[in-house]
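To start, the structure under review is shown below, and the notes come after it.
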Amino acid sequence: MVQKGPRPLVLCGPSGSGKSTLLKRLLKEFPDKFGFSVSHTTRGPRPGETDGVHYHFTTVEEMKAAIDRGEFIENAIFSGNMYGTSKRAVEDVRRQEKICILDIDIEGVKQIKNTDLDPLLVFVMPPSIKELERRLRGRNTEDEEALKKRLETAKKEILYGQEPDNFHIVIVNARIKEAYSKLRDFVSQNMVEKKSEPEATQE
Ligand SMILES: Nc1ncnc2c1ncn2[C@@H]1O[C@H](COP(=O)(O)OP(=O)(O)OP(=O)(O)O)[C@@H](O)[C@H]1O
């Protein structure tokens with residue numbers, strides 16, 4: 001399958017690095033231009049999260065069966081829960097002729113690199129592990145054990161994120177305003193239409 005339309009935008013980075021905050025800003029500023037690919041997860045909803053909007057909440061059995069049927073582009077286990085992007089979720093956004101934003105982890109990034117989606121890959125990282133911990137504690141969505149797990153994972157993710165060629169851009173989210181402005185500039189400079197066939201240019 002050769003994809004037509006704009007390249008999807010992947011936001012990857014440690015839990016608490018600010019991916020959701022950044023993508024919410026993009027969606028708010030350009031509601032007609034971007035659409036969010038709604039992932040599946042087997043974790044329970046956090047307060048304020050709606051099924052079908054923030055995630056498709058599902059069970060391990062259902063998700064495994066759908067993966068076996070080939071319905072997922074990528075999937076990964078994070079902090080003991082399954083997460084994944086279905087082909088349908090990306091298709092739904094493309095049908096609206098919007099740029100699809102995917103919020104996925106490093107395992108997902110590795111898998112998506114093997115598809116023909118040709119996404120723009122953005123790594124979002126915190127200014128320090130200490131600040132990441134402060135933000136995660138401030139968000140108050142994880143218990144102590146989950147928080148520790150996320151911080152340990154974050155250290156490995158940051159190493160991968162900083163390796164050359166793994167991402168097109170690394171954005172350090174120190175101040176949200178500056179991080180957002182970097183993302184916005186990067187997207188506007190790189191969002192070129194991907195055609196199904198190269199067009200012959202004639203002088
Ligand atoms: N630049 C910033 N300065 C201070 N706080 C921030 C900044 N960016 C995000 N935050 C806060 O840090 C917390 C984590 O951010 P957010 O939920 O966007 O992270 P995330 O990467 O989407 O995490 P997860 O992968 O767990 O969903 C939130 O409470 C958010 O308001």
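Ordered as shown in the structure tokens, chains take letters A, B, and onward, while each chain numbers its residues from 1 and ligands are numbered from 1 in the order shown.
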List all protein, DNA and RNA residues that have an atom no more than 9 Å from any atom of ligand 1, counting only C-alpha atoms and all ligand atoms, and report them as a PDB file with C-alpha atoms, in the first residue's frame.
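Result file is selection-v8.pdb:
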```pdb
ATOM      1  CA  LEU A  11       5.338  12.371  19.410  1.00  0.00           C
ATOM      2  CA  CYS A  12       7.444  10.091  21.564  1.00  0.00           C
ATOM      3  CA  GLY A  13       9.092  10.701  24.907  1.00  0.00           C
ATOM      4  CA  PRO A  14       9.114   9.620  28.542  1.00  0.00           C
ATOM      5  CA  SER A  15       5.896   9.600  30.498  1.00  0.00           C
ATOM      6  CA  GLY A  16       5.448  13.115  31.848  1.00  0.00           C
ATOM      7  CA  SER A  17       7.715  14.770  29.255  1.00  0.00           C
ATOM      8  CA  GLY A  18       4.766  16.784  27.950  1.00  0.00           C
ATOM      9  CA  LYS A  19       3.553  14.977  24.809  1.00  0.00           C
ATOM     10  CA  SER A  20      -0.145  15.361  25.619  1.00  0.00           C
ATOM     11  CA  THR A  21       0.342  18.995  26.583  1.00  0.00           C
ATOM     12  CA  LEU A  22       2.049  19.726  23.256  1.00  0.00           C
ATOM     13  CA  LEU A  23      -0.369  17.815  21.108  1.00  0.00           C
ATOM     14  CA  LYS A  24      -3.363  19.439  22.809  1.00  0.00           C
ATOM     15  CA  ASP A 103       1.556   9.562  20.756  1.00  0.00           C
ATOM     16  CA  ILE A 104       3.577   6.357  20.980  1.00  0.00           C
ATOM     17  CA  ASP A 105       6.463   4.881  22.932  1.00  0.00           C
ATOM     18  CA  VAL A 124      10.064  15.168  23.585  1.00  0.00           C
ATOM     19  CA  MET A 125      12.291  15.117  26.628  1.00  0.00           C
ATOM     20  CA  PRO A 126      12.246  16.778  30.030  1.00  0.00           C
ATOM     21  CA  PRO A 127      15.022  19.189  31.060  1.00  0.00           C
ATOM     22  CA  GLU A 131      12.013  17.895  36.843  1.00  0.00           C
ATOM     23  CA  LEU A 132      10.279  14.916  35.235  1.00  0.00           C
ATOM     24  CA  ARG A 134       8.303  16.807  39.893  1.00  0.00           C
ATOM     25  CA  ARG A 135       5.869  16.999  36.968  1.00  0.00           C
ATOM     26  CA  LEU A 136       4.721  13.414  37.304  1.00  0.00           C
ATOM     27  CA  ARG A 137       4.120  13.933  41.019  1.00  0.00           C
ATOM     28  CA  GLY A 138       2.290  17.158  40.217  1.00  0.00           C
ATOM     29  CA  ARG A 139       0.033  15.332  37.747  1.00  0.00           C
ATOM     30  CA  ASN A 140      -0.870  12.936  40.508  1.00  0.00           C
ATOM     31  CA  THR A 141      -1.981  10.119  38.225  1.00  0.00           C
ATOM     32  CA  GLU A 142       0.429   7.386  39.324  1.00  0.00           C
ATOM     33  CA  ARG A 150       8.183   5.385  34.787  1.00  0.00           C
ATOM     34  CA  VAL A 172      13.612  19.656  25.342  1.00  0.00           C
ATOM     35  CA  ASN A 173      10.419  20.711  27.072  1.00  0.00           C
ATOM     36  CA  ALA A 174      11.757  23.141  29.663  1.00  0.00           C
ATOM     37  CA  ARG A 175       9.316  26.002  29.104  1.00  0.00           C
ATOM     38  CA  ILE A 176       6.153  24.905  27.401  1.00  0.00           C
ATOM     39  CA  LYS A 177       5.887  28.056  25.281  1.00  0.00           C
ATOM     40  CA  GLU A 178       9.311  27.567  23.737  1.00  0.00           C
ATOM     41  CA  ALA A 179       8.901  23.818  23.302  1.00  0.00           C
ATOM     42  CA  TYR A 180       5.588  24.368  21.533  1.00  0.00           C
TER      43      TYR A 180
END
```
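Residues surrounding Leu120 of chain A within 10 Å are Arg7, Pro8, Leu9, Val10, Leu11, Ile101, Phe167, His168, Ile169, Phe186, Val187, Asn190 and Met191 of chain A [only C-alpha atoms; sequence separation below 4 positions excluded].
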With N, CA and C atoms kept, could you save the residues just selected as a compact mmCIF listing (two decimals), in the first residue's frame?
```
# COMPACT_ATOMS: atom_id res chain seq x y z
N ARG A 7 2.30 13.39 5.86
CA ARG A 7 2.99 12.43 6.74
C ARG A 7 2.42 12.52 8.14
N PRO A 8 2.21 11.40 8.80
CA PRO A 8 1.78 11.45 10.20
C PRO A 8 2.89 12.05 11.07
N LEU A 9 2.48 12.57 12.21
CA LEU A 9 3.42 13.18 13.15
C LEU A 9 3.46 12.33 14.41
N VAL A 10 4.65 11.83 14.73
CA VAL A 10 4.79 10.98 15.92
C VAL A 10 5.40 11.78 17.05
N LEU A 11 4.75 11.79 18.21
CA LEU A 11 5.34 12.37 19.41
C LEU A 11 5.69 11.23 20.35
N ILE A 101 -1.72 12.72 14.29
CA ILE A 101 -0.71 12.77 15.36
C ILE A 101 -0.79 11.48 16.16
N PHE A 167 15.41 10.02 15.72
CA PHE A 167 14.29 10.97 15.56
C PHE A 167 14.71 12.10 14.62
N HIS A 168 13.73 12.77 14.05
CA HIS A 168 14.05 13.92 13.19
C HIS A 168 14.37 15.15 14.03
N ILE A 169 13.77 15.25 15.19
CA ILE A 169 14.06 16.39 16.07
C ILE A 169 13.87 15.97 17.54
N PHE A 186 8.90 23.22 13.42
CA PHE A 186 9.35 21.96 12.79
C PHE A 186 8.26 21.40 11.89
N VAL A 187 7.05 21.39 12.42
CA VAL A 187 5.94 20.82 11.66
C VAL A 187 5.69 21.64 10.39
N ASN A 190 8.24 20.95 7.70
CA ASN A 190 8.38 19.58 7.19
C ASN A 190 7.12 18.93 6.66
N MET A 191 5.99 19.57 6.84
CA MET A 191 4.74 18.94 6.44
C MET A 191 4.50 19.10 4.95
```
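In terms of minimum interatomic distance to Ile67 of chain A, A:Gly84 ranks closest within A:Gly48, A:Pro164, A:Pro31, A:Gly84, counting only C-alpha atoms.
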With only C-alpha atoms as the counted atoms, please give the residues lying no more than 9 Å from segment 52-54 of chain A, apart from itself and same-chain residues fewer than 4 positions off, as number ranges by chain. A: 36, 38-40, 45
Among chain A, which ones does DSSP place in strand (DSSP E), written as number ranges by chain? A: 5-6, 9-12, 34-36, 40-41, 56-57, 72-78, 81-86, 99-103, 120-125, 169-172, 193-194
Next, write the just-selected residues to a file, as a CSV table (one decimal), in the first residue's frame, keeping N, CA and C atoms as the atom set.
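Produced file selection32.csv, reproduced below:
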```csv
chain,number,residue,atom,x,y,z
A,5,GLY,N,-1.3,11.5,0.9
A,5,GLY,CA,-1.6,12.5,2.0
A,5,GLY,C,-0.5,12.9,2.8
A,6,PRO,N,-0.7,13.7,3.8
A,6,PRO,CA,0.4,14.2,4.6
A,6,PRO,C,1.0,13.2,5.5
A,9,LEU,N,2.5,12.6,12.2
A,9,LEU,CA,3.4,13.2,13.2
A,9,LEU,C,3.5,12.3,14.4
A,10,VAL,N,4.6,11.8,14.7
A,10,VAL,CA,4.8,11.0,15.9
A,10,VAL,C,5.4,11.8,17.1
A,11,LEU,N,4.7,11.8,18.2
A,11,LEU,CA,5.3,12.4,19.4
A,11,LEU,C,5.7,11.2,20.3
A,12,CYS,N,7.0,11.2,20.7
A,12,CYS,CA,7.4,10.1,21.6
A,12,CYS,C,8.3,10.8,22.7
A,34,PHE,N,-5.0,19.1,12.1
A,34,PHE,CA,-4.5,17.9,12.8
A,34,PHE,C,-5.6,17.1,13.4
A,35,GLY,N,-5.4,15.8,13.5
A,35,GLY,CA,-6.3,14.9,14.1
A,35,GLY,C,-5.5,13.9,15.0
A,36,PHE,N,-6.0,13.5,16.0
A,36,PHE,CA,-5.3,12.6,17.0
A,36,PHE,C,-5.7,11.1,16.7
A,40,HIS,N,-5.4,2.3,21.5
A,40,HIS,CA,-6.1,1.3,22.4
A,40,HIS,C,-5.2,1.1,23.6
A,41,THR,N,-5.8,0.9,24.7
A,41,THR,CA,-5.0,0.5,25.9
A,41,THR,C,-5.8,-0.4,26.8
A,56,HIS,N,-9.1,4.1,23.3
A,56,HIS,CA,-10.1,3.1,23.3
A,56,HIS,C,-9.7,2.1,24.4
A,57,PHE,N,-10.5,2.1,25.4
A,57,PHE,CA,-10.2,1.2,26.5
A,57,PHE,C,-10.7,-0.2,26.2
A,72,PHE,N,-3.4,-4.0,14.0
A,72,PHE,CA,-2.6,-2.9,14.6
A,72,PHE,C,-1.3,-2.6,13.8
A,73,ILE,N,-1.0,-1.3,13.8
A,73,ILE,CA,0.3,-0.8,13.2
A,73,ILE,C,1.4,-1.0,14.1
A,74,GLU,N,1.2,-0.8,15.4
A,74,GLU,CA,2.2,-1.0,16.4
A,74,GLU,C,1.5,-1.3,17.7
A,75,ASN,N,2.3,-2.0,18.6
A,75,ASN,CA,1.7,-2.2,19.9
A,75,ASN,C,2.9,-2.4,20.9
A,76,ALA,N,2.7,-2.1,22.1
A,76,ALA,CA,3.8,-2.3,23.1
A,76,ALA,C,3.2,-2.5,24.5
A,77,ILE,N,4.0,-3.0,25.4
A,77,ILE,CA,3.6,-3.1,26.8
A,77,ILE,C,4.4,-2.0,27.6
A,78,PHE,N,3.6,-1.2,28.3
A,78,PHE,CA,4.3,-0.2,29.0
A,78,PHE,C,3.7,-0.2,30.5
A,81,ASN,N,0.8,-2.5,31.1
A,81,ASN,CA,-0.4,-2.4,30.3
A,81,ASN,C,-0.1,-2.4,28.8
A,82,MET,N,-1.0,-2.9,28.0
A,82,MET,CA,-0.8,-2.9,26.5
A,82,MET,C,-1.3,-1.6,25.9
A,83,TYR,N,-0.6,-1.1,25.0
A,83,TYR,CA,-1.0,0.1,24.2
A,83,TYR,C,-0.8,-0.3,22.8
A,84,GLY,N,-1.5,0.4,21.9
A,84,GLY,CA,-1.3,0.2,20.5
A,84,GLY,C,-2.1,1.1,19.6
A,85,THR,N,-1.7,1.2,18.4
A,85,THR,CA,-2.3,2.1,17.4
A,85,THR,C,-3.0,1.2,16.3
A,86,SER,N,-4.2,1.2,16.2
A,86,SER,CA,-4.9,0.4,15.1
A,86,SER,C,-4.8,1.1,13.8
A,99,ILE,N,-3.7,15.8,9.3
A,99,ILE,CA,-2.4,15.2,9.7
A,99,ILE,C,-2.7,14.4,10.9
A,100,CYS,N,-2.2,13.2,10.9
A,100,CYS,CA,-2.5,12.3,12.0
A,100,CYS,C,-1.4,12.4,13.1
A,101,ILE,N,-1.7,12.7,14.3
A,101,ILE,CA,-0.7,12.8,15.4
A,101,ILE,C,-0.8,11.5,16.2
A,102,LEU,N,0.4,10.9,16.3
A,102,LEU,CA,0.4,9.6,17.1
A,102,LEU,C,1.3,9.9,18.4
A,103,ASP,N,0.8,9.5,19.5
A,103,ASP,CA,1.6,9.6,20.8
A,103,ASP,C,1.9,8.1,21.1
A,120,LEU,N,6.9,11.8,10.6
A,120,LEU,CA,7.9,12.7,11.1
A,120,LEU,C,8.0,12.3,12.6
A,121,LEU,N,9.3,12.1,13.0
A,121,LEU,CA,9.5,11.6,14.4
A,121,LEU,C,10.0,12.6,15.3
A,122,VAL,N,9.2,13.0,16.3
A,122,VAL,CA,9.6,14.0,17.3
A,122,VAL,C,9.8,13.3,18.7
A,123,PHE,N,11.0,13.6,19.3
A,123,PHE,CA,11.2,13.1,20.6
A,123,PHE,C,11.1,14.3,21.6
A,124,VAL,N,10.3,14.1,22.6
A,124,VAL,CA,10.1,15.2,23.6
A,124,VAL,C,10.7,14.7,24.9
A,125,MET,N,11.6,15.5,25.4
A,125,MET,CA,12.3,15.1,26.6
A,125,MET,C,12.2,16.2,27.7
A,169,ILE,N,13.8,15.3,15.2
A,169,ILE,CA,14.1,16.4,16.1
A,169,ILE,C,13.9,16.0,17.5
A,170,VAL,N,14.7,16.5,18.4
A,170,VAL,CA,14.6,16.3,19.8
A,170,VAL,C,14.2,17.7,20.4
A,171,ILE,N,13.1,17.7,21.1
A,171,ILE,CA,12.6,19.0,21.7
A,171,ILE,C,12.7,18.8,23.3
A,172,VAL,N,13.5,19.7,23.9
A,172,VAL,CA,13.6,19.7,25.3
A,172,VAL,C,12.5,20.6,25.9
A,193,GLU,N,3.2,17.4,1.4
A,193,GLU,CA,2.3,16.3,0.9
A,193,GLU,C,3.2,15.2,0.3
A,194,LYS,N,2.7,14.0,0.7
A,194,LYS,CA,3.4,12.8,0.1
A,194,LYS,C,2.6,12.3,-1.0
```
Select from segment 68-199 of chain A everything DSSP, run on the backbone, classes as helix (DSSP H, G or I), then give the selection as a count of residues only. 62
Asp32 of chain A: which residues within 12 Å, counting only C-alpha atoms, same-chain residues fewer than 4 positions away excluded, as a ChimeraX atom specification? /A:26-28,36,93-94,96-100
